[in-house]
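Visitor: Input structure: target30.txt, which contains compact mmCIF, C-alpha atoms.
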# COMPACT_ATOMS: atom_id res chain seq x y z
CA MET A 1 141.90 -93.84 94.35
CA ILE A 2 140.75 -94.20 90.75
CA ARG A 3 143.77 -96.37 89.99
CA ASN A 4 142.93 -98.79 92.86
CA SER A 5 139.25 -99.07 91.79
CA LEU A 6 140.31 -99.93 88.24
CA ILE A 7 142.58 -102.70 89.50
CA VAL A 8 139.76 -104.21 91.56
CA LEU A 9 137.36 -104.09 88.60
CA LEU A 10 139.85 -105.74 86.27
CA SER A 11 140.52 -108.48 88.83
CA ALA A 12 136.81 -109.22 89.20
CA LEU A 13 136.31 -109.43 85.45
CA SER A 14 139.28 -111.76 85.17
CA PHE A 15 137.84 -114.02 87.93
CA PHE A 16 134.42 -114.40 86.34
CA SER A 17 135.94 -114.88 82.92
CA CYS A 18 138.14 -117.70 84.19
CA LYS A 19 135.27 -119.33 86.05
CA LYS A 20 133.04 -119.35 82.97
CA LYS A 21 135.82 -120.75 80.81
CA GLY A 22 136.59 -123.61 83.19
CA SER A 23 133.07 -124.18 84.57
CA THR A 24 132.16 -127.67 85.88
CA ASP A 25 128.39 -126.92 86.05
CA ASN A 26 126.65 -130.14 84.82
CA THR A 27 123.01 -129.13 85.30
CA ASP A 28 122.37 -129.52 81.56
CA ALA A 29 124.31 -132.76 81.08
CA ALA A 30 122.69 -136.10 80.32
CA PRO A 31 123.11 -138.97 82.82
CA THR A 32 126.19 -141.11 82.25
CA ASN A 33 127.64 -144.35 83.59
CA LEU A 34 124.16 -145.85 84.09
CA THR A 35 124.11 -149.24 85.80
CA LEU A 36 121.17 -151.52 86.57
CA ASN A 37 121.36 -154.55 88.85
CA ALA A 38 118.68 -157.03 89.90
CA VAL A 39 118.59 -159.40 92.86
CA ILE A 40 115.86 -162.03 92.45
CA SER A 41 114.37 -163.46 95.65
CA THR A 42 115.00 -167.19 96.05
CA ASP A 43 111.78 -167.82 97.99
CA ASN A 44 109.56 -167.84 94.85
CA SER A 45 107.73 -164.76 96.14
CA GLY A 46 108.22 -162.89 92.86
CA ASN A 47 110.17 -160.12 94.59
CA VAL A 48 113.05 -158.56 92.65
CA GLU A 49 115.26 -155.84 94.13
CA PHE A 50 116.44 -153.39 91.47
CA THR A 51 119.24 -150.85 91.90
CA ALA A 52 119.99 -148.23 89.28
CA ALA A 53 122.70 -145.58 89.52
CA ALA A 54 124.06 -142.94 87.16
CA THR A 55 126.12 -139.79 87.21
CA ASN A 56 123.97 -136.66 86.98
CA ALA A 57 120.65 -138.53 87.40
CA ALA A 58 117.85 -136.89 89.36
CA THR A 59 115.18 -139.62 88.97
CA TYR A 60 114.75 -143.10 87.51
CA GLU A 61 111.73 -144.59 85.74
CA TYR A 62 111.33 -148.36 85.66
CA GLY A 63 109.42 -150.41 83.12
CA TYR A 64 109.10 -153.87 84.65
CA GLY A 65 108.41 -155.64 81.36
CA ASN A 66 104.77 -156.46 82.11
CA GLY A 67 103.06 -153.17 81.39
CA VAL A 68 103.78 -151.71 84.84
CA PHE A 69 105.88 -148.54 85.24
CA ALA A 70 107.13 -146.69 88.31
CA LEU A 71 109.01 -143.46 89.01
CA VAL A 72 111.75 -144.12 91.59
CA PRO A 73 113.73 -141.04 92.66
CA SER A 74 116.39 -143.04 94.52
CA GLY A 75 116.88 -145.69 91.82
CA LYS A 76 116.39 -148.51 94.31
CA VAL A 77 113.10 -150.38 94.46
CA THR A 78 111.67 -153.85 95.17
CA TYR A 79 108.95 -155.00 92.77
CA LYS A 80 106.78 -158.09 93.26
CA TYR A 81 105.95 -159.89 90.02
CA PRO A 82 102.48 -161.50 90.05
CA ALA A 83 103.40 -164.35 87.69
CA SER A 84 106.38 -166.43 86.63
CA GLY A 85 108.17 -165.45 83.46
CA THR A 86 111.11 -163.76 81.79
CA TYR A 87 110.74 -160.00 81.77
CA THR A 88 112.65 -157.30 79.89
CA VAL A 89 113.21 -154.51 82.41
CA THR A 90 114.14 -151.00 81.30
CA VAL A 91 115.29 -148.16 83.55
CA THR A 92 115.46 -144.60 82.27
CA ALA A 93 117.65 -142.17 84.20
CA LYS A 94 116.64 -138.53 83.87
CA SER A 95 118.67 -135.43 84.68
CA ALA A 96 117.27 -132.32 86.33
CA SER A 97 117.00 -130.69 82.91
CA GLY A 98 115.14 -133.68 81.45
CA LYS A 99 117.90 -135.41 79.51
CA THR A 100 117.81 -139.20 79.66
CA ALA A 101 119.80 -142.39 79.38
CA SER A 102 118.38 -145.93 79.40
CA LYS A 103 119.52 -149.44 80.18
CA THR A 104 117.76 -152.80 79.74
CA ILE A 105 118.23 -156.18 81.38
CA GLN A 106 116.24 -159.42 81.49
CA VAL A 107 115.10 -161.14 84.68
CA THR A 108 113.58 -164.60 85.00
CA VAL A 109 111.20 -164.87 87.93
CA THR A 110 109.55 -167.92 89.46
CA VAL A 111 106.40 -167.20 91.44
CA GLY A 112 104.94 -169.85 93.71
CA LEU A 113 101.16 -169.46 93.71
CA SER A 114 99.21 -169.39 96.95
CA LEU A 115 95.60 -170.49 97.30
CA ILE A 116 93.76 -167.38 98.54
CA PHE A 117 90.14 -168.57 98.12
CA SER A 118 88.50 -171.91 97.46
CA ASP A 119 85.34 -173.89 97.88
CA GLU A 120 85.55 -177.65 97.39
CA PHE A 121 81.81 -178.11 98.09
CA ASN A 122 82.36 -181.07 100.38
CA THR A 123 79.75 -180.21 103.02
CA ASN A 124 76.16 -181.11 102.15
CA GLY A 125 73.50 -178.45 102.47
CA ALA A 126 73.48 -174.75 101.65
CA PRO A 127 76.67 -173.18 100.26
CA ASP A 128 79.00 -171.64 102.85
CA PRO A 129 77.43 -168.27 103.84
CA VAL A 130 80.86 -166.93 104.80
CA LYS A 131 81.86 -167.19 101.13
CA TRP A 132 78.63 -166.76 99.18
CA GLY A 133 75.71 -164.36 98.98
CA TYR A 134 72.86 -164.11 96.48
CA ASP A 135 71.19 -161.76 94.06
CA ILE A 136 67.44 -162.27 94.49
CA GLY A 137 64.82 -161.45 91.86
CA THR A 138 64.77 -160.98 88.11
CA GLY A 139 67.36 -158.24 87.79
CA SER A 140 64.76 -155.96 86.21
CA ASN A 141 66.12 -153.18 88.43
CA GLY A 142 69.34 -152.99 86.44
CA TRP A 143 71.37 -156.20 86.41
CA GLY A 144 69.17 -158.45 84.27
CA ASN A 145 69.39 -159.18 80.53
CA ASN A 146 65.73 -159.87 79.79
CA GLU A 147 66.03 -163.45 81.03
CA GLN A 148 62.97 -165.38 82.16
CA GLN A 149 64.09 -166.78 85.53
CA TYR A 150 63.60 -165.55 89.09
CA TYR A 151 66.73 -165.98 91.21
CA THR A 152 66.31 -167.48 94.67
CA SER A 153 68.49 -168.91 97.42
CA ARG A 154 66.15 -171.88 98.01
CA SER A 155 67.54 -175.39 98.25
CA ASP A 156 65.37 -176.20 95.22
CA ASN A 157 67.71 -174.03 93.19
CA VAL A 158 71.07 -174.23 94.99
CA ILE A 159 72.49 -177.00 97.15
CA VAL A 160 75.70 -178.87 97.88
CA GLN A 161 75.33 -182.64 97.51
CA ASN A 162 77.85 -185.45 97.23
CA GLY A 163 80.83 -183.18 96.76
CA VAL A 164 79.40 -180.84 94.14
CA LEU A 165 77.49 -177.58 94.08
CA LYS A 166 74.28 -177.75 92.06
CA ILE A 167 72.65 -174.62 90.65
CA THR A 168 69.34 -175.84 89.25
CA LEU A 169 67.22 -174.03 86.70
CA LYS A 170 63.57 -175.16 87.05
CA LYS A 171 60.42 -174.56 85.09
CA GLU A 172 57.84 -173.33 87.60
CA ASN A 173 55.64 -170.31 88.21
CA TYR A 174 57.28 -168.21 90.87
CA SER A 175 56.69 -164.54 91.72
CA GLY A 176 55.51 -163.80 88.20
CA SER A 177 58.31 -165.68 86.44
CA LEU A 178 58.13 -168.98 84.56
CA TYR A 179 61.50 -170.31 85.78
CA THR A 180 63.63 -170.23 88.93
CA SER A 181 67.38 -170.46 89.41
CA THR A 182 70.25 -169.07 91.52
CA ARG A 183 72.81 -166.33 91.13
CA MET A 184 75.47 -166.62 93.85
CA LEU A 185 78.38 -164.26 94.35
CA THR A 186 81.27 -163.31 96.62
CA ALA A 187 80.53 -159.56 96.65
CA ASN A 188 81.29 -157.98 100.04
CA LYS A 189 82.79 -161.30 101.17
CA PHE A 190 85.79 -161.86 98.88
CA SER A 191 87.40 -159.84 96.10
CA PHE A 192 90.92 -159.72 94.71
CA LYS A 193 93.18 -158.06 92.13
CA TYR A 194 95.16 -160.31 89.75
CA GLY A 195 95.49 -164.06 90.02
CA ILE A 196 94.24 -167.33 88.57
CA VAL A 197 90.66 -168.53 88.89
CA GLU A 198 90.01 -172.20 88.15
CA VAL A 199 86.56 -173.83 88.17
CA LYS A 200 85.74 -177.45 87.43
CA ALA A 201 82.17 -177.65 86.21
CA LYS A 202 79.60 -179.58 84.19
CA LEU A 203 77.06 -177.45 82.32
CA PRO A 204 73.30 -177.76 81.85
CA ALA A 205 71.72 -178.61 78.51
CA GLY A 206 68.46 -177.39 77.03
CA GLY A 207 67.41 -174.65 74.65
CA GLY A 208 67.65 -171.26 76.36
CA THR A 209 69.91 -172.32 79.23
CA TRP A 210 72.69 -169.82 79.92
CA PRO A 211 75.18 -170.87 82.63
CA ALA A 212 77.97 -168.44 83.50
CA ILE A 213 81.07 -168.25 85.71
CA TRP A 214 82.28 -164.67 85.73
CA MET A 215 83.60 -161.64 87.63
CA LEU A 216 82.63 -158.00 88.11
CA GLY A 217 84.64 -155.04 89.32
CA ALA A 218 84.04 -154.53 93.02
CA ASN A 219 83.48 -150.82 92.35
CA ILE A 220 80.33 -151.46 90.30
CA ASN A 221 78.11 -149.56 92.73
CA THR A 222 80.10 -146.37 92.21
CA ALA A 223 81.55 -146.77 88.71
CA GLY A 224 78.59 -148.55 87.12
CA TRP A 225 78.72 -151.08 84.29
CA PRO A 226 80.68 -151.48 82.03
CA ALA A 227 83.09 -148.95 83.59
CA CYS A 228 83.70 -151.41 86.46
CA GLY A 229 84.83 -154.12 84.01
CA GLU A 230 83.51 -157.66 83.54
CA ILE A 231 85.45 -160.89 82.97
CA ASP A 232 83.38 -163.83 81.71
CA ILE A 233 85.45 -166.94 82.39
CA MET A 234 82.80 -169.24 80.94
CA GLU A 235 79.45 -168.74 79.26
CA HIS A 236 77.49 -171.38 77.38
CA LYS A 237 74.31 -171.48 75.35
CA GLY A 238 72.08 -174.52 75.39
CA ASN A 239 71.17 -173.46 71.86
CA ASP A 240 74.82 -173.75 70.80
CA LEU A 241 75.85 -176.86 72.71
CA ASN A 242 79.56 -177.32 73.53
CA ARG A 243 80.69 -173.85 72.42
CA ILE A 244 82.43 -172.11 75.34
CA PHE A 245 82.61 -168.31 75.37
CA GLY A 246 85.26 -166.22 77.13
CA THR A 247 84.60 -162.49 77.09
CA LEU A 248 85.60 -159.12 78.54
CA HIS A 249 83.24 -156.16 78.81
CA TYR A 250 84.50 -152.60 79.30
CA PRO A 251 83.78 -149.11 77.92
CA GLY A 252 83.76 -149.25 74.14
CA ARG A 253 83.66 -153.07 74.17
CA SER A 254 80.48 -154.18 75.91
CA GLY A 255 77.22 -155.90 75.13
CA GLY A 256 77.16 -157.04 71.50
CA ASN A 257 80.53 -155.37 70.92
CA ALA A 258 82.30 -157.21 73.75
CA ASP A 259 85.89 -158.42 73.51
CA GLY A 260 85.62 -162.21 73.32
CA SER A 261 86.29 -165.51 71.62
CA SER A 262 84.90 -169.05 71.78
CA ARG A 263 86.09 -172.62 71.64
CA ILE A 264 84.17 -175.81 70.91
CA ILE A 265 84.73 -178.73 73.29
CA SER A 266 83.14 -182.16 73.67
CA ASN A 267 80.57 -183.23 76.25
CA ALA A 268 80.20 -179.88 78.04
CA SER A 269 76.93 -181.03 79.62
CA THR A 270 77.90 -184.63 80.41
CA GLU A 271 81.49 -184.30 81.67
CA PHE A 272 83.39 -181.93 83.94
CA HIS A 273 85.77 -179.45 82.32
CA ILE A 274 88.14 -176.87 83.81
CA TYR A 275 87.43 -173.22 83.06
CA LYS A 276 90.21 -170.81 83.93
CA VAL A 277 91.36 -167.20 83.72
CA GLU A 278 94.88 -165.91 84.29
CA TRP A 279 94.70 -162.22 85.15
CA THR A 280 97.77 -159.98 85.49
CA ALA A 281 98.66 -156.33 84.97
CA ALA A 282 99.90 -157.35 81.51
CA ALA A 283 97.08 -159.56 80.18
CA ILE A 284 93.84 -161.44 80.81
CA LYS A 285 93.96 -164.98 79.39
CA ILE A 286 90.97 -167.34 79.27
CA TYR A 287 91.30 -171.14 79.00
CA VAL A 288 89.20 -174.26 78.85
CA ASP A 289 90.96 -177.50 79.83
CA ASP A 290 94.26 -175.56 79.81
CA VAL A 291 93.81 -174.57 76.16
CA LEU A 292 94.16 -170.80 75.76
CA PHE A 293 91.44 -169.38 73.51
CA HIS A 294 91.23 -165.68 74.30
CA THR A 295 93.79 -163.05 75.35
CA VAL A 296 93.34 -159.35 76.03
CA ALA A 297 96.33 -157.09 76.69
CA ASN A 298 95.78 -155.31 79.99
CA SER A 299 96.67 -151.64 80.55
CA THR A 300 95.64 -148.62 82.57
CA ALA A 301 93.28 -147.71 79.70
CA ILE A 302 90.86 -150.53 80.58
CA PRO A 303 89.26 -151.27 83.98
CA PHE A 304 91.02 -154.49 84.95
CA ASN A 305 93.45 -153.24 87.57
CA HIS A 306 91.32 -153.19 90.70
CA ASN A 307 89.48 -155.75 92.83
CA PHE A 308 86.87 -158.06 91.31
CA PHE A 309 84.37 -160.49 92.86
CA ILE A 310 83.07 -163.83 91.51
CA ILE A 311 79.58 -164.78 90.29
CA MET A 312 78.10 -168.15 89.28
CA ASN A 313 74.58 -168.45 87.88
CA VAL A 314 72.31 -170.21 85.42
CA ALA A 315 69.95 -167.97 83.45
CA MET A 316 67.16 -168.81 81.01
CA GLY A 317 66.69 -167.09 77.65
CA GLY A 318 67.41 -163.40 77.42
CA THR A 319 69.73 -161.50 75.10
CA PHE A 320 72.37 -164.24 75.12
CA GLY A 321 70.48 -167.44 76.00
CA GLY A 322 68.03 -166.99 73.14
CA ALA A 323 64.94 -169.06 72.39
CA VAL A 324 63.62 -171.28 75.19
CA ASP A 325 62.71 -174.90 74.51
CA PRO A 326 59.03 -175.21 75.55
CA ASN A 327 59.67 -178.79 76.64
CA PHE A 328 62.43 -177.82 79.10
CA ASN A 329 61.76 -178.77 82.71
CA SER A 330 64.97 -178.75 84.73
CA ALA A 331 68.76 -178.78 84.41
CA SER A 332 71.73 -178.07 86.67
CA MET A 333 75.21 -176.63 86.50
CA GLU A 334 77.39 -178.77 88.74
CA VAL A 335 80.61 -177.33 90.20
CA ASP A 336 83.23 -179.66 91.68
CA TYR A 337 85.41 -176.82 92.98
CA ILE A 338 86.42 -173.20 92.58
CA ARG A 339 89.96 -172.06 93.44
CA VAL A 340 91.69 -168.69 93.31
CA TYR A 341 95.48 -168.50 93.31
CA GLN A 342 97.73 -165.50 93.63
Output the file's structure as structure tokens, nothing else.
Guide:
Amino acid sequence: MIRNSLIVLLSALSFFSCKKKGSTDNTDAAPTNLTLNAVISTDNSGNVEFTAAATNAATYEYGYGNGVFALVPSGKVTYKYPASGTYTVTVTAKSASGKTASKTIQVTVTVGLSLIFSDEFNTNGAPDPVKWGYDIGTGSNGWGNNEQQYYTSRSDNVIVQNGVLKITLKKENYSGSLYTSTRMLTANKFSFKYGIVEVKAKLPAGGGTWPAIWMLGANINTAGWPACGEIDIMEHKGNDLNRIFGTLHYPGRSGGNADGSSRIISNASTEFHIYKVEWTAAAIKIYVDDVLFHTVANSTAIPFNHNFFIIMNVAMGGTFGGAVDPNFNSASMEVDYIRVYQ
């Protein structure tokens, strides 16, 4: 009996010894034979179908070359690029134990832009109420900057005539203020994430005038400012005629410490110019007449990856507009069109 038990024990030890010596357990091995393929859609939608595969890979992480990353367990994913360009795409395969292997390819994508919002201002009268609302008052309850105007929605201050929108800043006593104007916005009517905004406008002149075409994060009521983010496509000072400002405000870079640049143009108050922002997950770029003059790299660390709405207004004085010309009576910002592409 003892002899038989010894034989069984020796056989078991031999089995486990052989298994350990010839083991094919790859749980601690790095991924191998990594491949990455891309199929680019031919319809100019920006869609690219990626397929990654590797031996011993448990998950795949994609870097799409524009600051966007995604964890894709299966290795197969379709990503829609928001803008045309050539992108360096990296996929990192990871084993169950955390070992990795990477592969990089380049893809060239053509994206056909679609017009998702516009106002050509071709119908005389009040601006389209489906597209535009108004902030009324002085902003002393939180959104003002010590300006001297009272914002109204009266036709004296905002009207569409002869194919252009006119926002008129007037010197007049009104509800305790010395000036009136308009601040119109698409909040609760239209907002979007990423795209191109293009506005053709002629700016008012006069010391203290402060026209602006800009955007605010649609979450401002919950996040507050500057945590919601602000993109100033165009600001102008009548006291610094023809200098166009493009600026971003966000935590750590707001108010007098904002992230901005400026460019001097000719005839800002006598001719129409095109003010534009290109906004993607990778960058925010601000132009005047298709000349790029300010770029900010976008990332998840700053609040420019959610919906924003549009604002157009003309202020008087305040922290940016500066000293008011006592002889000023009236001036208008005229807008030929506003268009948003995506």
Visitor: Do a neighbour search on stretch 186-192 of chain A at 8 Å with all atoms listed in the file, toss out local chain neighbours closer than 6 positions, and write the hits as a ChimeraX atom specification.
Guide: /A:130-133,218,306-311
Visitor: Rounded to one decimal in Å, what is the spacing between atom CA of A:Gly256 and atom CA of A:Tyr287?
Guide: 21.3 Å
Visitor: Could you tell me, as a ChimeraX atom specification, which residues have any atom at most 8 Å from (63.3, -163.8, 83.1), counting all atoms listed in the file?
Guide: /A:138,146-150,177-179,315-318
Visitor: Between atom CA of A:Arg263 and atom CA of A:Val335, what is the distance, to one decimal in Å?
Guide: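 Those two atoms sit 19.9 Å apart.
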Visitor: Can you work out which one of A:His249, A:Lys200, A:Arg243, A:Lys276 has the shortest atom-to-atom distance to A:Glu230, counting only C-alpha atoms?
Guide: A:His249
Visitor: Enter the distance from atom CA of A:Leu292 to atom CA of A:Gly255, in Å, rounded to one decimal.
Guide: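 Rounded to one decimal, the two atoms are 22.6 Å apart.
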Visitor: Using only C-alpha atoms for the distances, tell me which of A:Ala38, A:Ala30, A:Ile213, A:Ala58 is nearest to A:Thr88.
Guide: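 Closest to A:Thr88 of all the choices is A:Ala38.
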